[in-house]
Amino acid sequence: MDIKGKEVIDIARRKFLKTSAVAALGVASAGCAASTGLVGGDASQGEGKQQQSSACEGQYAFETAPEPIPASKITETVTTDVVVVGAGVSGVIAALSAQEAGARTIVLQKGPVVMCHGTTFGAIDSKLQLEKKCHVDKMGAINEFQYQSLNKPKYQLLKKWADHSGETFDWINKITTEQGNPGKFLDKAGSPTGNTGGKSWFNAYSTGHTWKGGMMKVINQVARKAIQKGVEFRFYTPAVQLVRKENGRVTGVIAKSEKTGQYKQFNARKGVILCTGDYSNNPDMVAKYCPSAVGLQNYYQPRYNTGDGHVMGLWIGAGIEQGPHTKMAHVHSSLDTGKGDAPSKGAPWLSVNHKGERFCNEDMPFFLMANQTGGDQGDGYYYHILDADWEDNLKQFPPRIQMVGRPGEFEQALKAGTIIQADTIEELASRLGLPPSNLKETVARYNELVKKGMDEDFGKDAIDLTFIKKAPFYGIPRLACVSVVLGGLNINSNMQVLDTEGEVIPGLYAAGNASGDFFGGANDYPFPIIAISVGRAGTFGRLAGKHAAAA
Amino acid sequence: MPKKFVTALLSLFFAMLACSFTAEAVEKNKIPQDIKPYQDSLSAGDLLAKSHGDAGLSCQDCHDASSAYPEKGTFQDEFCLRCHDANEIEKKVVYTSKGAQVHPHDEHVGDIQCVDCHSMHSKSTLKCAECHVQPWMKTLPQRWEQPK
């Protein structure tokens, strides 16, 4: 199988024997031993190197604050009102929002371009929703989210999103519409009451909004508008340290040019907003804060998301959301984005693991499969097994997310090699790299259960049981891999970063995945509110930008 | 005067210039073997330099003619845009992916220079393919590295 850039987060190679549960964060200690990890004094891993740095026993390297970069090493000093660190969904939106509110704003970005992921923006009470007479039960939605997140999120943050996501979507949509890219409300996904009348795994509120070209297109359009309005973008300029004296205000940020290696200081009269994204490409941080993502591959390129904002915050005394943090692990055909994904990953066909054996009730949604296929259980891959009647199966299965593909998509996937075809189960097994005798046995047992109309092994609903008898047979490899990990710095509902005592750190904000307290760490990303991740990033970026500008 | 004839004349003129340049380099620096492949790439092979050679350009049109032999240059976009029109390029270079139009030169707000992808004397590399590969990227001419 062609797996591009297979980079499993491997905890076994990171032998940090923890002697204490939580070590003091952000404080350099004497007598530390050298270890390999995130470079002290350099939050950026954009240069792709790991160096020796000083870390205390029981601590990862990133937990030890580096020596402050001396003034003598600063080659350029710029003073402005607001500095936004990171040009993704939350950063670009924060920058334009701050600039529109009258604050001169500079954005520091790692790498060459504006960069984000995602396709859909979750919002309540957008104009498009209201035009469709869709009145989402706001309190119902956020309370369901709170419940599914085990009552761990800061409720006030959910409320803030719910109250401001609609207006934020409208504001973005005006900008994209001016540039010929109007958004649309996905009224068929979910329902205003959250009850779809379907199955419990996709009872979702209809909050999804999208644009052609997804969030990358949208955020580029917002960035173009921001440049028009006078926002200055500095590319290849990742921030590496915040500037804070004692327990005072954060007065700026120091960046290090990826082209020249020179340090540049950006002083912010009003505030620094951390919008650096998540840390899923920082293996030490994943091991410490999101252990359930260890052992899974990471879907997205480039691997810039190394938790730079998180660690810079920790180093100056910010508090971080208690772990373990939430992960979002979706399913793709492989890491090869050129081949694309095979359709129907949401279909409840027989699923087997790398041993060719059933491993769970296939009624489980695809976005929870990582928990049965990664880590000690495998490399994240599982395989849908189906037969010539696959189209009839899709008509039989009750509707659910990502189940029915577009016309012709199945055939395209066969051509691209993301669906494998064979005349016998044994041949299919060998082509998929599975033990043929195991797969044959699994299929035989499964057909027995279908005949009985009862899944005695895993309790799958009878309507989701379909025979695998008629050639040709098909196998569809599915890779459960990390999209993002969701946990970050403690913030209040103005997006101001809090210290370890819960007090506001003046001059410092965080939004998007650099900020925390929203998902609560209830293991995996819950789905009752469609696209709440991107919706939160955009909404909180806007609120942070406005608040900082008014400071 | 027919355009073809003018082009041929110009080519001859530039070729002569290039030859004299190289002869000088041989004499002064004695490293013609280092320069030869670069010079040859103007008149043979399938690299981008050939297109520029075909258009009548010589080494000195891009490299500093005052030094003894052509040195590796640092080319900012402004240099390329002396001859190439950015709007024309934008109009001309359009691909299709998943039913949508892709404008590789105008998809991302950022700081990407022409030379980040386009190389004269070696294969060009698609910077975009570092993050995502689309089918059109595998249809480019020989002078491009094939994305994996």
# chains A, B, ... in the order shown; residues from 1 in each chain; ligands from 1
$ residues_around --residues "Gln101 in chain B" --least-positions-apart "5" --cutoff "12 Å" --atoms "only C-alpha atoms" --output "JSON, numbers by chain"
{"A": [212, 213, 217], "B": [90, 91, 92, 93, 94, 95, 96, 106, 107, 134, 136]}
$ closest_atom_pairs --of "chain A" --to "chain B" --cutoff "7 Å" --atoms "only C-alpha atoms" --output "CSV"
residue,atom,partner,partner_atom,distance
A:Pro112,CA,B:Asp111,CA,5.1
A:Val113,CA,B:Gly110,CA,3.9
A:Val114,CA,B:Val109,CA,5.7
A:Asn220,CA,B:Val109,CA,5.8
A:Ala223,CA,B:Val109,CA,6.9
A:Phe235,CA,B:Asp111,CA,6.1
A:Gln301,CA,B:Cys131,CA,4.8
A:Pro302,CA,B:Cys131,CA,5.6
A:Thr337,CA,B:His132,CA,5.8
A:Gly338,CA,B:Val133,CA,4.3
$ write_last_selection --atoms "all heavy atoms" --output "JSON list (two decimals), in the first residue's frame"
[["chain", "number", "residue", "atom", "x", "y", "z"],
["A", 112, "PRO", "N", 5.82, 29.94, 4.04],
["A", 112, "PRO", "CA", 5.62, 30.92, 2.98],
["A", 112, "PRO", "C", 4.20, 31.45, 2.80],
["A", 112, "PRO", "O", 4.03, 32.45, 2.11],
["A", 112, "PRO", "CB", 6.03, 30.14, 1.72],
["A", 112, "PRO", "CG", 5.75, 28.71, 2.04],
["A", 112, "PRO", "CD", 5.99, 28.57, 3.52],
["A", 113, "VAL", "N", 3.20, 30.78, 3.33],
["A", 113, "VAL", "CA", 1.83, 31.16, 2.95],
["A", 113, "VAL", "C", 0.85, 31.14, 4.14],
["A", 113, "VAL", "O", 1.12, 30.53, 5.18],
["A", 113, "VAL", "CB", 1.25, 30.19, 1.87],
["A", 113, "VAL", "CG1", 1.98, 30.36, 0.56],
["A", 113, "VAL", "CG2", 1.32, 28.75, 2.35],
["A", 114, "VAL", "N", -0.29, 31.79, 3.90],
["A", 114, "VAL", "CA", -1.44, 31.64, 4.79],
["A", 114, "VAL", "C", -1.83, 30.16, 4.75],
["A", 114, "VAL", "O", -1.83, 29.54, 3.69],
["A", 114, "VAL", "CB", -2.60, 32.51, 4.25],
["A", 114, "VAL", "CG1", -3.93, 32.08, 4.80],
["A", 114, "VAL", "CG2", -2.33, 33.98, 4.54],
["A", 220, "ASN", "N", -7.76, 32.72, 2.48],
["A", 220, "ASN", "CA", -6.97, 33.51, 1.54],
["A", 220, "ASN", "C", -7.73, 34.76, 1.11],
["A", 220, "ASN", "O", -7.14, 35.83, 0.95],
["A", 220, "ASN", "CB", -6.59, 32.66, 0.32],
["A", 220, "ASN", "CG", -5.31, 31.89, 0.55],
["A", 220, "ASN", "OD1", -4.22, 32.45, 0.42],
["A", 220, "ASN", "ND2", -5.42, 30.63, 0.94],
["A", 223, "ALA", "N", -7.59, 37.13, 3.88],
["A", 223, "ALA", "CA", -6.23, 37.68, 3.96],
["A", 223, "ALA", "C", -6.03, 38.78, 2.91],
["A", 223, "ALA", "O", -5.39, 39.80, 3.17],
["A", 223, "ALA", "CB", -5.20, 36.57, 3.77],
["A", 235, "PHE", "N", 5.90, 36.70, 6.27],
["A", 235, "PHE", "CA", 6.02, 35.25, 6.09],
["A", 235, "PHE", "C", 7.43, 34.79, 6.46],
["A", 235, "PHE", "O", 8.33, 35.61, 6.63],
["A", 235, "PHE", "CB", 5.66, 34.87, 4.65],
["A", 235, "PHE", "CG", 4.21, 35.13, 4.35],
["A", 235, "PHE", "CD1", 3.81, 36.29, 3.70],
["A", 235, "PHE", "CD2", 3.23, 34.24, 4.76],
["A", 235, "PHE", "CE1", 2.47, 36.55, 3.46],
["A", 235, "PHE", "CE2", 1.88, 34.48, 4.52],
["A", 235, "PHE", "CZ", 1.50, 35.65, 3.86],
["A", 301, "GLN", "N", -0.45, 18.22, 5.87],
["A", 301, "GLN", "CA", 0.81, 18.88, 5.58],
["A", 301, "GLN", "C", 0.52, 20.38, 5.51],
["A", 301, "GLN", "O", -0.60, 20.76, 5.21],
["A", 301, "GLN", "CB", 1.36, 18.42, 4.23],
["A", 301, "GLN", "CG", 1.68, 16.95, 4.14],
["A", 301, "GLN", "CD", 3.03, 16.62, 4.74],
["A", 301, "GLN", "OE1", 3.74, 17.50, 5.20],
["A", 301, "GLN", "NE2", 3.38, 15.35, 4.76],
["A", 302, "PRO", "N", 1.47, 21.25, 5.69],
["A", 302, "PRO", "CA", 2.81, 20.99, 6.16],
["A", 302, "PRO", "C", 2.81, 20.78, 7.68],
["A", 302, "PRO", "O", 1.83, 21.11, 8.34],
["A", 302, "PRO", "CB", 3.55, 22.29, 5.81],
["A", 302, "PRO", "CG", 2.48, 23.35, 5.88],
["A", 302, "PRO", "CD", 1.22, 22.69, 5.44],
["A", 337, "THR", "N", -2.67, 12.49, -0.69],
["A", 337, "THR", "CA", -3.80, 13.37, -1.05],
["A", 337, "THR", "C", -4.02, 13.38, -2.56],
["A", 337, "THR", "O", -5.10, 13.72, -3.01],
["A", 337, "THR", "CB", -3.56, 14.80, -0.56],
["A", 337, "THR", "OG1", -2.32, 15.26, -1.09],
["A", 337, "THR", "CG2", -3.51, 14.87, 0.95],
["A", 338, "GLY", "N", -3.02, 13.02, -3.33],
["A", 338, "GLY", "CA", -3.16, 13.02, -4.79],
["A", 338, "GLY", "C", -4.15, 11.96, -5.26],
["A", 338, "GLY", "O", -4.87, 12.16, -6.23]]
$ residues_around --residues "Asp116 in chain B" --least-positions-apart "4" --cutoff "12 Å" --atoms "only C-alpha atoms" --output "PyMOL selection string"
(chain A and resi 112) or (chain B and resi 74-77+105+111-112+120+123-128+130)
$ atom_distance --atom1 "CA of Gln402 in chain A" --atom2 "CA of Val450 in chain A"
23.4 Å
$ select_by_dssp --residues "range 52-109 of chain B" --states "strand (DSSP E)" --output "list of chain:residue names"
B:Tyr95, B:Thr96, B:Ser97, B:Ala100, B:Gln101, B:Val102
$ write_last_selection --atoms "all heavy atoms" --output "PDB file, in the first residue's frame"
ATOM      1  N   TYR B  95      -5.513  25.194 -14.267  1.00  0.00           N
ATOM      2  CA  TYR B  95      -5.763  23.757 -14.337  1.00  0.00           C
ATOM      3  C   TYR B  95      -7.112  23.461 -13.697  1.00  0.00           C
ATOM      4  O   TYR B  95      -7.737  24.336 -13.111  1.00  0.00           O
ATOM      5  CB  TYR B  95      -4.652  22.986 -13.610  1.00  0.00           C
ATOM      6  CG  TYR B  95      -3.308  23.145 -14.256  1.00  0.00           C
ATOM      7  CD1 TYR B  95      -2.424  24.132 -13.816  1.00  0.00           C
ATOM      8  CD2 TYR B  95      -2.924  22.327 -15.315  1.00  0.00           C
ATOM      9  CE1 TYR B  95      -1.183  24.286 -14.415  1.00  0.00           C
ATOM     10  CE2 TYR B  95      -1.685  22.479 -15.920  1.00  0.00           C
ATOM     11  CZ  TYR B  95      -0.815  23.450 -15.464  1.00  0.00           C
ATOM     12  OH  TYR B  95       0.398  23.603 -16.055  1.00  0.00           O
ATOM     13  N   THR B  96      -7.538  22.221 -13.839  1.00  0.00           N
ATOM     14  CA  THR B  96      -8.815  21.826 -13.237  1.00  0.00           C
ATOM     15  C   THR B  96      -8.559  20.725 -12.218  1.00  0.00           C
ATOM     16  O   THR B  96      -7.774  19.816 -12.475  1.00  0.00           O
ATOM     17  CB  THR B  96      -9.770  21.304 -14.324  1.00  0.00           C
ATOM     18  OG1 THR B  96      -9.882  22.315 -15.314  1.00  0.00           O
ATOM     19  CG2 THR B  96     -11.155  21.034 -13.749  1.00  0.00           C
ATOM     20  N   SER B  97      -9.172  20.872 -11.058  1.00  0.00           N
ATOM     21  CA  SER B  97      -9.093  19.807 -10.060  1.00  0.00           C
ATOM     22  C   SER B  97     -10.438  19.691  -9.364  1.00  0.00           C
ATOM     23  O   SER B  97     -10.962  20.692  -8.867  1.00  0.00           O
ATOM     24  CB  SER B  97      -7.991  20.117  -9.047  1.00  0.00           C
ATOM     25  OG  SER B  97      -7.906  19.069  -8.108  1.00  0.00           O
ATOM     26  N   ALA B 100     -13.056  22.221 -10.174  1.00  0.00           N
ATOM     27  CA  ALA B 100     -12.831  23.643  -9.892  1.00  0.00           C
ATOM     28  C   ALA B 100     -11.575  24.116 -10.632  1.00  0.00           C
ATOM     29  O   ALA B 100     -10.678  23.325 -10.923  1.00  0.00           O
ATOM     30  CB  ALA B 100     -12.665  23.851  -8.403  1.00  0.00           C
ATOM     31  N   GLN B 101     -11.545  25.399 -10.949  1.00  0.00           N
ATOM     32  CA  GLN B 101     -10.362  25.959 -11.591  1.00  0.00           C
ATOM     33  C   GLN B 101      -9.266  26.195 -10.556  1.00  0.00           C
ATOM     34  O   GLN B 101      -9.537  26.714  -9.481  1.00  0.00           O
ATOM     35  CB  GLN B 101     -10.712  27.287 -12.255  1.00  0.00           C
ATOM     36  CG  GLN B 101     -11.457  27.109 -13.568  1.00  0.00           C
ATOM     37  CD  GLN B 101     -11.403  28.363 -14.421  1.00  0.00           C
ATOM     38  OE1 GLN B 101     -11.288  29.461 -13.905  1.00  0.00           O
ATOM     39  NE2 GLN B 101     -11.503  28.188 -15.724  1.00  0.00           N
ATOM     40  N   VAL B 102      -8.069  25.797 -10.915  1.00  0.00           N
ATOM     41  CA  VAL B 102      -6.924  26.008 -10.018  1.00  0.00           C
ATOM     42  C   VAL B 102      -5.956  26.979 -10.700  1.00  0.00           C
ATOM     43  O   VAL B 102      -5.547  26.744 -11.838  1.00  0.00           O
ATOM     44  CB  VAL B 102      -6.187  24.685  -9.725  1.00  0.00           C
ATOM     45  CG1 VAL B 102      -5.004  24.922  -8.806  1.00  0.00           C
ATOM     46  CG2 VAL B 102      -7.140  23.674  -9.103  1.00  0.00           C
TER      47      VAL B 102
END
$ residues_around --residues "range 34-51 of chain B" --least-positions-apart "6" --cutoff "7 Å" --atoms "only C-alpha atoms" --output "PyMOL selection string"
chain B and resi 119-123+142-143
